[in-house]
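> Input: one structure, supplied below.
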Amino acid sequence: MANTIAILIALGSFPVSLALTRFFMYWNLKHGIIGIDVHKLNRPKIPEMVGVAVPITLVLFAAIYAMVGGSSSIPLLAYCLVVGLAALVGAVDDRLKLRGIFKPLLTLLCGLPVLILGLAFPGQVYTSTLHVPLFGGYHLPVIYPLTILVAVSVTSNTVNMLDPLNGSMAGGISIVAGGLLIGSLLVGAGSTSIFLYASLMFSLLGFLYYNRFPARAFAGNVSQLSIGASVGALAILGRTEIASIVAIFPNIQNSFFFLSRIRRFTEHRELTSKPTKLLPDGRLADSEDPRAPLTLVRTLLIGRPATENEIVSTIWMLFLTSASLAVITLLLTGVPR
Amino acid sequence: MNKRAVGYELVVFVTQWGLMLFGFGVLTKIIAPLNLVSTSMFLGLYFDAAVKGLIALVLSVTWLFIWDRQVRLYFHRRGK
């Protein structure tokens, strides 16, 4: 019953996110907050930072759930603070164009609310026992709290790095949230984490309606970082740490190969060697530049160009695979949560 | 779209998933129960945690290295 109420409340985040996205599309366009869709031949101007609708919806619904859901408000407060701080870092980056190194450093601080509230209210926000699929678990009283900061920073930045095409991030992470929601329901997770996963998925679907190909709204760092931070915070609050890593395999591969080639934290806009190129027929192709990073999109295009829509569908299919593996991971963990 | 590349990505994901579960199994069943540094000595608990953390870090780097080799084996060779 508690899970049904949680999902029903979370369902409301879809129309709210949809309406807020629509509002910010007009507001940002009117105020000159725009970006150029470089993967289209006519290079249309699209309102930027519209994805701010997602963190606003997440925080709003977490507050509503804290009031009517009857569950402890401490984890929800920690979640809201993490999402809000990451959105703030993203907004600053969107407006001031910070250097690449600042995002990982600043997002390290975004995990602090989980750590501080966890220490202040032991057992309410996180437990230091890591549950491992098939093999039980082990207690990590020293390492686990420190890992929280790194986890939120890694997830927010890795999600930020895999949004090169229309709908790739919003669709991909909604699949991740959907997979972890199903897994959490199957293992009997607490209603708070069920609510938060459902809320994340429905908020993203609301934004995706306008962000899907051909995009009429761009997410911006403000939403990419906050959505990534949300995934990281939820992994800790919902005790789905290992399954969450599995669910974001496409993000991990993309970030790892980007960093291993570039060997520094940098922005895509600062890259001189681009991984892909736009063909005269509107399709995307591997740039064949040996200095360019081997991003996930580039691996899918090696030897054969494709349309943006085809690539995004394939990325979603990869997310579907990793999310399925995440569900199996949760089932193998087999711990009622 | 390179269908073969997509299929290869799926194989890489499943392999990495299997290796990840194995790695966590090693950490849980072998590394975690060990007393690598005496917990009775000054800050012994923290040194013990640090050593185990380092072992976990080495396993993570190995896991990423295997991922790297798998992807490069196919994509970099084809990409050049």
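Naming works like this for the structure tokens: A, B, ... for the chains as they're shown, residue 1 at the start of each chain, ligands 1 onward in shown order.
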Can you check which residues of chain B have any atom within 9 Å of chain A? Use only C-alpha atoms and format it as a PyMOL selection string.
chain B and resi 1-6+9-10+13-14+16-17+20-21+24-29+32-33+45-46+49-50+53+64+67-68+71+75-76+78-80
> If I take CA of Gly188 (chain A) and CA of Gly84 (chain A), how far is one from the other in Å, to one decimal?
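For CA of Gly188 (chain A) relative to CA of Gly84 (chain A), the distance reads 28.3 Å.
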> Show which residues sit within 10 Å of region 35-43 of chain A, as a PyMOL selection string. Count only C-alpha atoms, and ignore same-chain residues fewer than 6 positions away.
chain A and resi 29+49+164-166+214-218+220+276-284+307-308
> Please identify the alpha helix (DSSP H) residues within chain B (assignment by DSSP from backbone atoms) and present them as a VMD selection string.
chain B and resid 3 to 26 44 to 71 77 to 79
